[in-house]
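Structure file structure_23.pdb (PDB, C-alpha atoms) follows.
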MODEL        1
ATOM      1  CA  MET X   1     114.381  15.209   9.595
ATOM      2  CA  PHE X   2     113.526  18.121   7.330
ATOM      3  CA  SER X   3     114.087  15.948   4.265
ATOM      4  CA  ILE X   4     111.597  13.413   5.654
ATOM      5  CA  ILE X   5     109.035  16.170   6.227
ATOM      6  CA  VAL X   6     109.536  17.416   2.675
ATOM      7  CA  ALA X   7     109.221  13.885   1.315
ATOM      8  CA  ALA X   8     105.992  13.353   3.236
ATOM      9  CA  GLY X   9     104.297  16.197   1.385
ATOM     10  CA  TRP X  10     101.795  18.777   2.572
ATOM     11  CA  PRO X  11      99.579  16.309   4.553
ATOM     12  CA  ILE X  12     102.360  16.115   7.168
ATOM     13  CA  TRP X  13     101.858  19.728   8.288
ATOM     14  CA  PRO X  14      98.559  19.150  10.131
ATOM     15  CA  LEU X  15     100.229  16.210  11.860
ATOM     16  CA  LEU X  16     103.164  18.363  12.912
ATOM     17  CA  ALA X  17     100.724  20.954  14.298
ATOM     18  CA  CYS X  18      99.004  18.191  16.290
ATOM     19  CA  SER X  19     102.350  17.002  17.644
ATOM     20  CA  VAL X  20     103.331  20.495  18.824
ATOM     21  CA  ILE X  21      99.941  21.127  20.431
ATOM     22  CA  GLY X  22      99.927  17.674  22.019
ATOM     23  CA  MET X  23     103.393  18.162  23.484
ATOM     24  CA  ALA X  24     102.381  21.548  24.912
ATOM     25  CA  LEU X  25      99.256  20.029  26.493
ATOM     26  CA  VAL X  26     101.229  17.165  28.045
ATOM     27  CA  ILE X  27     103.777  19.547  29.581
ATOM     28  CA  GLU X  28     101.019  21.838  30.879
ATOM     29  CA  ARG X  29      99.083  18.946  32.436
ATOM     30  CA  PHE X  30     102.188  17.554  34.126
ATOM     31  CA  ALA X  31     102.767  20.966  35.693
ATOM     32  CA  SER X  32      99.127  21.514  36.693
ATOM     33  CA  LEU X  33      98.441  18.029  38.055
ATOM     34  CA  LYS X  34     101.281  17.947  40.560
ATOM     35  CA  THR X  35     100.178  16.574  43.906
ATOM     36  CA  SER X  36     101.398  19.695  45.686
ATOM     37  CA  ARG X  37      99.101  21.857  43.543
ATOM     38  CA  VAL X  38      96.025  19.667  43.860
ATOM     39  CA  LEU X  39      96.058  17.514  46.967
ATOM     40  CA  PRO X  40      98.872  18.248  49.463
ATOM     41  CA  PRO X  41      99.080  15.182  51.733
ATOM     42  CA  LYS X  42      98.996  16.961  55.116
ATOM     43  CA  LEU X  43      96.763  19.928  54.316
ATOM     44  CA  LEU X  44      93.505  18.376  55.543
ATOM     45  CA  ASP X  45      94.979  17.367  58.895
ATOM     46  CA  GLU X  46      96.542  20.807  59.298
ATOM     47  CA  ALA X  47      93.232  22.547  58.550
ATOM     48  CA  ILE X  48      91.436  20.366  61.079
ATOM     49  CA  THR X  49      94.107  20.971  63.722
ATOM     50  CA  VAL X  50      94.118  24.743  63.218
ATOM     51  CA  SER X  51      90.325  24.975  63.471
ATOM     52  CA  ARG X  52      89.764  22.792  66.522
ATOM     53  CA  ALA X  53      89.426  25.795  68.822
ATOM     54  CA  SER X  54      87.877  28.335  66.423
ATOM     55  CA  ILE X  55      87.323  29.120  62.754
ATOM     56  CA  PRO X  56      90.391  30.826  61.197
ATOM     57  CA  GLY X  57      90.154  34.440  60.111
ATOM     58  CA  PRO X  58      89.620  35.653  56.520
ATOM     59  CA  ASP X  59      93.348  36.066  55.871
ATOM     60  CA  VAL X  60      94.082  32.471  56.816
ATOM     61  CA  VAL X  61      91.133  31.218  54.769
ATOM     62  CA  THR X  62      92.301  33.187  51.720
ATOM     63  CA  LYS X  63      95.794  31.776  52.095
ATOM     64  CA  LEU X  64      94.326  28.288  52.350
ATOM     65  CA  GLU X  65      92.247  28.858  49.218
ATOM     66  CA  ARG X  66      95.327  29.825  47.227
ATOM     67  CA  ASN X  67      97.296  26.835  48.457
ATOM     68  CA  SER X  68      95.848  24.142  46.195
ATOM     69  CA  GLY X  69      92.680  22.593  44.818
ATOM     70  CA  LEU X  70      92.012  20.908  48.149
ATOM     71  CA  GLY X  71      92.581  24.253  49.847
ATOM     72  CA  GLU X  72      89.813  25.797  47.729
ATOM     73  CA  VAL X  73      87.375  23.109  48.861
ATOM     74  CA  LEU X  74      88.292  23.470  52.535
ATOM     75  CA  ALA X  75      88.186  27.278  52.343
ATOM     76  CA  ALA X  76      84.655  27.064  50.934
ATOM     77  CA  GLY X  77      83.626  25.157  54.051
ATOM     78  CA  PHE X  78      85.202  27.759  56.339
ATOM     79  CA  ARG X  79      83.501  30.600  54.461
ATOM     80  CA  ALA X  80      80.111  28.906  54.588
ATOM     81  CA  LEU X  81      80.403  28.465  58.351
ATOM     82  CA  ASN X  82      81.623  32.040  58.844
ATOM     83  CA  ALA X  83      78.712  33.357  56.767
ATOM     84  CA  ASN X  84      76.166  31.266  58.663
ATOM     85  CA  PRO X  85      77.311  29.842  62.015
ATOM     86  CA  MET X  86      74.095  27.808  62.183
ATOM     87  CA  ALA X  87      74.621  26.174  58.788
ATOM     88  CA  THR X  88      73.779  22.486  58.712
ATOM     89  CA  GLU X  89      76.193  19.810  57.618
ATOM     90  CA  ASP X  90      74.300  19.547  54.319
ATOM     91  CA  ASP X  91      74.768  23.291  53.750
ATOM     92  CA  LEU X  92      78.491  22.910  54.320
ATOM     93  CA  ARG X  93      78.628  19.966  51.925
ATOM     94  CA  VAL X  94      76.845  21.942  49.231
ATOM     95  CA  SER X  95      79.316  24.816  49.547
ATOM     96  CA  MET X  96      82.313  22.516  49.325
ATOM     97  CA  GLU X  97      80.793  20.519  46.472
ATOM     98  CA  SER X  98      80.343  23.732  44.490
ATOM     99  CA  ALA X  99      84.011  24.581  45.020
ATOM    100  CA  GLY X 100      84.902  20.987  44.157
ATOM    101  CA  ARG X 101      83.128  21.236  40.810
ATOM    102  CA  VAL X 102      85.208  24.283  39.940
ATOM    103  CA  VAL X 103      88.373  22.416  40.890
ATOM    104  CA  ALA X 104      87.259  19.345  38.909
ATOM    105  CA  HIS X 105      86.667  21.460  35.815
ATOM    106  CA  ARG X 106      90.173  22.896  36.124
ATOM    107  CA  LEU X 107      91.714  19.458  36.586
ATOM    108  CA  GLU X 108      89.974  18.122  33.467
ATOM    109  CA  ARG X 109      90.928  21.118  31.336
ATOM    110  CA  TYR X 110      92.676  20.263  28.030
ATOM    111  CA  LEU X 111      92.080  16.522  28.446
ATOM    112  CA  PRO X 112      89.368  16.528  25.722
ATOM    113  CA  ALA X 113      91.806  18.313  23.398
ATOM    114  CA  LEU X 114      94.458  15.652  24.054
ATOM    115  CA  ALA X 115      91.903  12.909  23.415
ATOM    116  CA  THR X 116      90.921  14.620  20.162
ATOM    117  CA  ILE X 117      94.538  14.647  19.009
ATOM    118  CA  ALA X 118      94.847  10.947  19.849
ATOM    119  CA  SER X 119      91.763  10.234  17.731
ATOM    120  CA  ALA X 120      92.451  12.658  14.885
ATOM    121  CA  ALA X 121      96.137  11.888  14.270
ATOM    122  CA  PRO X 122      95.543   8.407  12.751
ATOM    123  CA  LEU X 123      92.805   9.884  10.546
ATOM    124  CA  LEU X 124      95.148  12.614   9.343
ATOM    125  CA  GLY X 125      97.760   9.941   8.682
ATOM    126  CA  LEU X 126      95.147   7.985   6.733
ATOM    127  CA  LEU X 127      94.361  11.115   4.733
ATOM    128  CA  GLY X 128      98.039  11.415   3.817
ATOM    129  CA  THR X 129      98.063   7.734   2.868
ATOM    130  CA  VAL X 130      95.081   8.196   0.564
ATOM    131  CA  ILE X 131      96.702  11.236  -1.048
ATOM    132  CA  GLY X 132      99.884   9.210  -1.567
ATOM    133  CA  MET X 133      97.875   6.402  -3.160
ATOM    134  CA  ILE X 134      96.224   8.906  -5.484
ATOM    135  CA  GLU X 135      99.661  10.072  -6.594
ATOM    136  CA  ILE X 136     100.748   6.472  -7.098
ATOM    137  CA  PHE X 137      97.802   5.724  -9.352
ATOM    138  CA  GLY X 138      98.318   9.040 -11.123
ATOM    139  CA  SER X 139     101.912   8.095 -11.900
ATOM    140  CA  GLN X 140     100.722   4.924 -13.622
ATOM    141  CA  SER X 141      98.540   6.724 -16.156
ATOM    142  CA  PRO X 142      99.614   6.386 -19.821
ATOM    143  CA  ALA X 143     102.217   8.917 -20.891
ATOM    144  CA  ASN X 144     102.877   9.919 -24.495
ATOM    145  CA  GLY X 145     100.414   7.326 -25.684
ATOM    146  CA  ALA X 146     102.430   4.398 -24.301
ATOM    147  CA  VAL X 147     100.215   2.257 -22.105
ATOM    148  CA  GLY X 148     101.795   1.295 -18.766
ATOM    149  CA  SER X 149     104.638   3.766 -18.953
ATOM    150  CA  GLY X 150     104.415   5.292 -15.486
ATOM    151  CA  ASN X 151     106.650   7.884 -13.873
ATOM    152  CA  PRO X 152     109.009   6.103 -11.428
ATOM    153  CA  ALA X 153     109.861   9.326  -9.561
ATOM    154  CA  GLN X 154     106.204  10.161  -9.025
ATOM    155  CA  LEU X 155     105.522   6.570  -8.021
ATOM    156  CA  ALA X 156     108.269   6.729  -5.373
ATOM    157  CA  HIS X 157     107.001  10.090  -4.153
ATOM    158  CA  GLY X 158     103.483   8.742  -3.765
ATOM    159  CA  ILE X 159     104.730   5.737  -1.792
ATOM    160  CA  SER X 160     106.803   7.975   0.488
ATOM    161  CA  ILE X 161     103.803  10.226   1.179
ATOM    162  CA  ALA X 162     101.652   7.219   2.032
ATOM    163  CA  LEU X 163     104.167   5.578   4.358
ATOM    164  CA  TYR X 164     105.488   8.704   6.098
ATOM    165  CA  ASN X 165     102.015  10.035   6.881
ATOM    166  CA  THR X 166     100.833   6.698   8.210
ATOM    167  CA  ALA X 167     103.900   6.449  10.434
ATOM    168  CA  PHE X 168     103.650  10.038  11.673
ATOM    169  CA  GLY X 169      99.961   9.625  12.457
ATOM    170  CA  LEU X 170     100.667   6.596  14.637
ATOM    171  CA  ILE X 171     103.744   8.154  16.245
ATOM    172  CA  ILE X 172     101.613  11.109  17.374
ATOM    173  CA  ALA X 173      98.448   9.199  18.288
ATOM    174  CA  ILE X 174      99.988   6.480  20.451
ATOM    175  CA  PRO X 175     101.778   8.763  22.971
ATOM    176  CA  ALA X 176      98.781  11.137  23.022
ATOM    177  CA  LEU X 177      96.483   8.244  23.906
ATOM    178  CA  ILE X 178      98.856   6.973  26.591
ATOM    179  CA  PHE X 179      99.182  10.392  28.207
ATOM    180  CA  TRP X 180      95.433  10.988  27.998
ATOM    181  CA  ARG X 181      94.702   7.713  29.807
ATOM    182  CA  TYR X 182      97.371   8.510  32.399
ATOM    183  CA  PHE X 183      96.039  12.021  33.088
ATOM    184  CA  ARG X 184      92.437  10.760  33.086
ATOM    185  CA  SER X 185      93.201   8.156  35.764
ATOM    186  CA  ARG X 186      95.183  10.703  37.771
ATOM    187  CA  VAL X 187      92.331  13.214  37.702
ATOM    188  CA  ASP X 188      89.829  10.527  38.720
ATOM    189  CA  GLU X 189      92.012   9.629  41.685
ATOM    190  CA  TYR X 190      92.299  13.290  42.704
ATOM    191  CA  LEU X 191      88.533  13.773  42.472
ATOM    192  CA  LEU X 192      87.884  10.729  44.641
ATOM    193  CA  ASN X 193      90.333  11.930  47.293
ATOM    194  CA  LEU X 194      88.866  15.450  47.177
ATOM    195  CA  GLU X 195      85.404  14.028  47.745
ATOM    196  CA  LEU X 196      86.560  11.932  50.692
ATOM    197  CA  ALA X 197      88.434  14.898  52.181
ATOM    198  CA  GLY X 198      85.347  17.083  51.785
ATOM    199  CA  GLU X 199      83.194  14.517  53.590
ATOM    200  CA  ARG X 200      85.605  14.328  56.495
ATOM    201  CA  PHE X 201      85.966  18.108  56.714
ATOM    202  CA  ALA X 202      82.191  18.633  56.622
ATOM    203  CA  ARG X 203      81.815  16.353  59.658
ATOM    204  CA  HIS X 204      84.575  18.282  61.412
ATOM    205  CA  LEU X 205      82.929  21.647  60.691
ATOM    206  CA  ASP X 206      79.610  20.281  61.924
ATOM    207  CA  THR X 207      81.204  19.554  65.316
ATOM    208  CA  LEU X 208      82.441  23.157  65.471
ATOM    209  CA  ARG X 209      78.936  24.425  64.796
ATOM    210  CA  ARG X 210      77.687  22.560  67.820
TER     211      ARG X 210
ENDMDL
END
Represent the structure contained in this file as structure tokens.
Amino acid sequence: MFSIIVAAGWPIWPLLACSVIGMALVIERFASLKTSRVLPPKLLDEAITVSRASIPGPDVVTKLERNSGLGEVLAAGFRALNANPMATEDDLRVSMESAGRVVAHRLERYLPALATIASAAPLLGLLGTVIGMIEIFGSQSPANGAVGSGNPAQLAHGISIALYNTAFGLIIAIPALIFWRYFRSRVDEYLLNLELAGERFARHLDTLRR
């Protein structure tokens, strides 16, 4: 592997940096976008059940907020109702939507960077290809006054730079694009479910206010 990197020349190093960063982002997003950390399946029903008789105390609300992204949204509704028992349903929605925007920003974090890697890697590979082509043409320049007497070693080196960088650029870009599309669709699904959960919880809190 090291011999391939050496043969690919200096243009391979930006591509290797992109691959390391991309791998780190993919691992981080897999850890952060777990369902248990964003949208626990039974949390909404549990919050509704617990608050049927009365609004939970600050300790319970804080614990709920730290539970997950959905917990932050639900806790914002509880806090809004505790702060103003006469708050309208629209007021409760606004409070939860504000918390939801914070959660949405956190869910979408690093996705633009992953998309940038997916777009930039083929261009970096193309840069390496162009540099390899320059070396190829340079190896064909006249040497010692003899027209057409190129340097075979330099010619081979230029071809290797061109091919290796093109291949590395695609090898990095394709998985990065796949993971970006996967995470993007997953975040969109989470945001939709958070919005629906917030709507349902706002109606529930409005019944408590009455």
Enumerate, as a compact mmCIF listing (two decimals) with C-alpha atoms, in the frame of the given file, the residues matched when the PyMOL selection byres ((chain X and resi 175-178) around 8) is run on the file above.
# COMPACT_ATOMS: atom_id res chain seq x y z
CA GLY X 22 99.93 17.67 22.02
CA LEU X 114 94.46 15.65 24.05
CA ALA X 115 91.90 12.91 23.42
CA ILE X 117 94.54 14.65 19.01
CA ALA X 118 94.85 10.95 19.85
CA ILE X 171 103.74 8.15 16.24
CA ILE X 172 101.61 11.11 17.37
CA ALA X 173 98.45 9.20 18.29
CA ILE X 174 99.99 6.48 20.45
CA PHE X 179 99.18 10.39 28.21
CA TRP X 180 95.43 10.99 28.00
CA ARG X 181 94.70 7.71 29.81
CA TYR X 182 97.37 8.51 32.40
Query raised in the report: How far is it from atom CA of X:Leu15 to atom CA of X:His105, in Å with one decimal?
Result: 28.0 Å
Query raised in the report: So which one's closest to X:Thr129, X:Ile161, X:Val73, X:Leu25, X:Val50? Using all atoms listed in the file, please.
Result: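 Looking only at the distances to X:Thr129, the closest residue turns out to be X:Ile161.
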Requested in this report: Can you turn the PyMOL selection byres ((chain X and resi 61) around 12) into a concrete residue list for this file, as a VMD selection string?
Outcome: chain X and resid 47 50 to 51 55 to 60 62 to 67 71 to 82
Requested in this report: Report the residues retrieved by the PyMOL selection byres ((chain X and resi 30-34) around 12) from the displayed file, expressed as number ranges by chain.
Outcome: X: 23-29, 35-41, 68-69, 103-104, 106-111, 179-180, 182-191
Report task. Kindly give the distance, in Å, that separates atom CA of X:Val20 and atom CA of X:Val102, rounded to a single decimal. Result ->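 Atom CA of X:Val102 lies at a distance of 28.1 Å from atom CA of X:Val20.
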**Report entry** Between atom CA of X:Thr166 and atom CA of X:Gly128 - distance in Å to one decimal
**Finding:**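 Atom CA of X:Thr166 lies at a distance of 7.0 Å from atom CA of X:Gly128.
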For stretch 120-132 of chain X, I'd like the enclosing box, axis-aligned and padded by 6 Å on every side, reported as AutoDock Vina command-line options with centre and edge lengths in Å to one decimal.
--center_x 96.2 --center_y 10.2 --center_z 6.7 --size_x 19.4 --size_y 16.9 --size_z 28.5
Please rebuild stretch 41-52 of chain X with all heavy atoms and give the result as a PDB file, keeping the file's coordinate frame.
ATOM      1  N   PRO X  41      99.416  16.298  50.835  1.00  0.00           N
ATOM      2  CA  PRO X  41      99.080  15.182  51.733  1.00  0.00           C
ATOM      3  C   PRO X  41      98.642  15.597  53.134  1.00  0.00           C
ATOM      4  O   PRO X  41      97.736  15.001  53.708  1.00  0.00           O
ATOM      5  CB  PRO X  41     100.394  14.372  51.783  1.00  0.00           C
ATOM      6  CG  PRO X  41     101.127  14.755  50.534  1.00  0.00           C
ATOM      7  CD  PRO X  41     100.761  16.173  50.263  1.00  0.00           C
ATOM      8  N   LYS X  42      99.266  16.621  53.719  1.00  0.00           N
ATOM      9  CA  LYS X  42      98.996  16.961  55.116  1.00  0.00           C
ATOM     10  C   LYS X  42      98.060  18.147  55.289  1.00  0.00           C
ATOM     11  O   LYS X  42      97.798  18.570  56.429  1.00  0.00           O
ATOM     12  CB  LYS X  42     100.316  17.252  55.838  1.00  0.00           C
ATOM     13  CG  LYS X  42     101.276  16.073  55.864  1.00  0.00           C
ATOM     14  CD  LYS X  42     102.565  16.417  56.589  1.00  0.00           C
ATOM     15  CE  LYS X  42     103.524  15.240  56.614  1.00  0.00           C
ATOM     16  NZ  LYS X  42     104.791  15.566  57.319  1.00  0.00           N
ATOM     17  N   LEU X  43      97.546  18.689  54.206  1.00  0.00           N
ATOM     18  CA  LEU X  43      96.763  19.928  54.316  1.00  0.00           C
ATOM     19  C   LEU X  43      95.466  19.722  55.084  1.00  0.00           C
ATOM     20  O   LEU X  43      95.084  20.565  55.909  1.00  0.00           O
ATOM     21  CB  LEU X  43      96.460  20.460  52.911  1.00  0.00           C
ATOM     22  CG  LEU X  43      95.727  21.797  52.866  1.00  0.00           C
ATOM     23  CD1 LEU X  43      96.577  22.885  53.511  1.00  0.00           C
ATOM     24  CD2 LEU X  43      95.372  22.176  51.435  1.00  0.00           C
ATOM     25  N   LEU X  44      94.776  18.621  54.844  1.00  0.00           N
ATOM     26  CA  LEU X  44      93.505  18.376  55.543  1.00  0.00           C
ATOM     27  C   LEU X  44      93.715  18.271  57.045  1.00  0.00           C
ATOM     28  O   LEU X  44      92.988  18.899  57.833  1.00  0.00           O
ATOM     29  CB  LEU X  44      92.848  17.113  55.000  1.00  0.00           C
ATOM     30  CG  LEU X  44      91.553  16.684  55.695  1.00  0.00           C
ATOM     31  CD1 LEU X  44      90.498  17.781  55.591  1.00  0.00           C
ATOM     32  CD2 LEU X  44      91.039  15.375  55.104  1.00  0.00           C
ATOM     33  N   ASP X  45      94.707  17.510  57.464  1.00  0.00           N
ATOM     34  CA  ASP X  45      94.979  17.367  58.895  1.00  0.00           C
ATOM     35  C   ASP X  45      95.373  18.711  59.512  1.00  0.00           C
ATOM     36  O   ASP X  45      94.967  19.020  60.642  1.00  0.00           O
ATOM     37  CB  ASP X  45      96.087  16.335  59.125  1.00  0.00           C
ATOM     38  CG  ASP X  45      95.648  14.930  58.752  1.00  0.00           C
ATOM     39  OD1 ASP X  45      94.435  14.653  58.822  1.00  0.00           O
ATOM     40  OD2 ASP X  45      96.504  14.114  58.380  1.00  0.00           O
ATOM     41  N   GLU X  46      96.144  19.496  58.779  1.00  0.00           N
ATOM     42  CA  GLU X  46      96.542  20.807  59.298  1.00  0.00           C
ATOM     43  C   GLU X  46      95.339  21.730  59.453  1.00  0.00           C
ATOM     44  O   GLU X  46      95.220  22.452  60.452  1.00  0.00           O
ATOM     45  CB  GLU X  46      97.579  21.442  58.375  1.00  0.00           C
ATOM     46  CG  GLU X  46      98.926  20.730  58.387  1.00  0.00           C
ATOM     47  CD  GLU X  46      99.887  21.294  57.343  1.00  0.00           C
ATOM     48  OE1 GLU X  46      99.456  22.190  56.582  1.00  0.00           O
ATOM     49  OE2 GLU X  46     101.050  20.847  57.309  1.00  0.00           O
ATOM     50  N   ALA X  47      94.423  21.705  58.473  1.00  0.00           N
ATOM     51  CA  ALA X  47      93.232  22.547  58.550  1.00  0.00           C
ATOM     52  C   ALA X  47      92.346  22.133  59.718  1.00  0.00           C
ATOM     53  O   ALA X  47      91.781  22.986  60.415  1.00  0.00           O
ATOM     54  CB  ALA X  47      92.453  22.463  57.236  1.00  0.00           C
ATOM     55  N   ILE X  48      92.235  20.839  59.955  1.00  0.00           N
ATOM     56  CA  ILE X  48      91.436  20.366  61.079  1.00  0.00           C
ATOM     57  C   ILE X  48      92.086  20.766  62.402  1.00  0.00           C
ATOM     58  O   ILE X  48      91.415  21.225  63.336  1.00  0.00           O
ATOM     59  CB  ILE X  48      91.256  18.833  60.991  1.00  0.00           C
ATOM     60  CG1 ILE X  48      90.361  18.482  59.798  1.00  0.00           C
ATOM     61  CG2 ILE X  48      90.667  18.282  62.282  1.00  0.00           C
ATOM     62  CD1 ILE X  48      90.215  16.995  59.563  1.00  0.00           C
ATOM     63  N   THR X  49      93.396  20.621  62.487  1.00  0.00           N
ATOM     64  CA  THR X  49      94.107  20.971  63.722  1.00  0.00           C
ATOM     65  C   THR X  49      93.982  22.459  64.034  1.00  0.00           C
ATOM     66  O   THR X  49      93.714  22.846  65.179  1.00  0.00           O
ATOM     67  CB  THR X  49      95.592  20.582  63.600  1.00  0.00           C
ATOM     68  OG1 THR X  49      95.690  19.182  63.347  1.00  0.00           O
ATOM     69  CG2 THR X  49      96.340  20.921  64.873  1.00  0.00           C
ATOM     70  N   VAL X  50      94.165  23.295  63.011  1.00  0.00           N
ATOM     71  CA  VAL X  50      94.118  24.743  63.218  1.00  0.00           C
ATOM     72  C   VAL X  50      92.733  25.201  63.661  1.00  0.00           C
ATOM     73  O   VAL X  50      92.602  26.156  64.436  1.00  0.00           O
ATOM     74  CB  VAL X  50      94.539  25.469  61.916  1.00  0.00           C
ATOM     75  CG1 VAL X  50      94.234  26.957  62.000  1.00  0.00           C
ATOM     76  CG2 VAL X  50      96.020  25.259  61.658  1.00  0.00           C
ATOM     77  N   SER X  51      91.688  24.522  63.195  1.00  0.00           N
ATOM     78  CA  SER X  51      90.325  24.975  63.471  1.00  0.00           C
ATOM     79  C   SER X  51      89.650  24.232  64.617  1.00  0.00           C
ATOM     80  O   SER X  51      88.432  24.332  64.778  1.00  0.00           O
ATOM     81  CB  SER X  51      89.480  24.825  62.204  1.00  0.00           C
ATOM     82  OG  SER X  51      89.448  23.470  61.781  1.00  0.00           O
ATOM     83  N   ARG X  52      90.391  23.507  65.408  1.00  0.00           N
ATOM     84  CA  ARG X  52      89.764  22.792  66.522  1.00  0.00           C
ATOM     85  C   ARG X  52      89.181  23.762  67.548  1.00  0.00           C
ATOM     86  O   ARG X  52      88.099  23.516  68.111  1.00  0.00           O
ATOM     87  CB  ARG X  52      90.763  21.854  67.197  1.00  0.00           C
ATOM     88  CG  ARG X  52      91.106  20.628  66.369  1.00  0.00           C
ATOM     89  CD  ARG X  52      91.852  19.603  67.185  1.00  0.00           C
ATOM     90  NE  ARG X  52      92.313  18.484  66.363  1.00  0.00           N
ATOM     91  CZ  ARG X  52      91.560  17.468  65.961  1.00  0.00           C
ATOM     92  NH1 ARG X  52      90.274  17.443  66.312  1.00  0.00           N
ATOM     93  NH2 ARG X  52      92.066  16.510  65.221  1.00  0.00           N
TER      94      ARG X  52
END
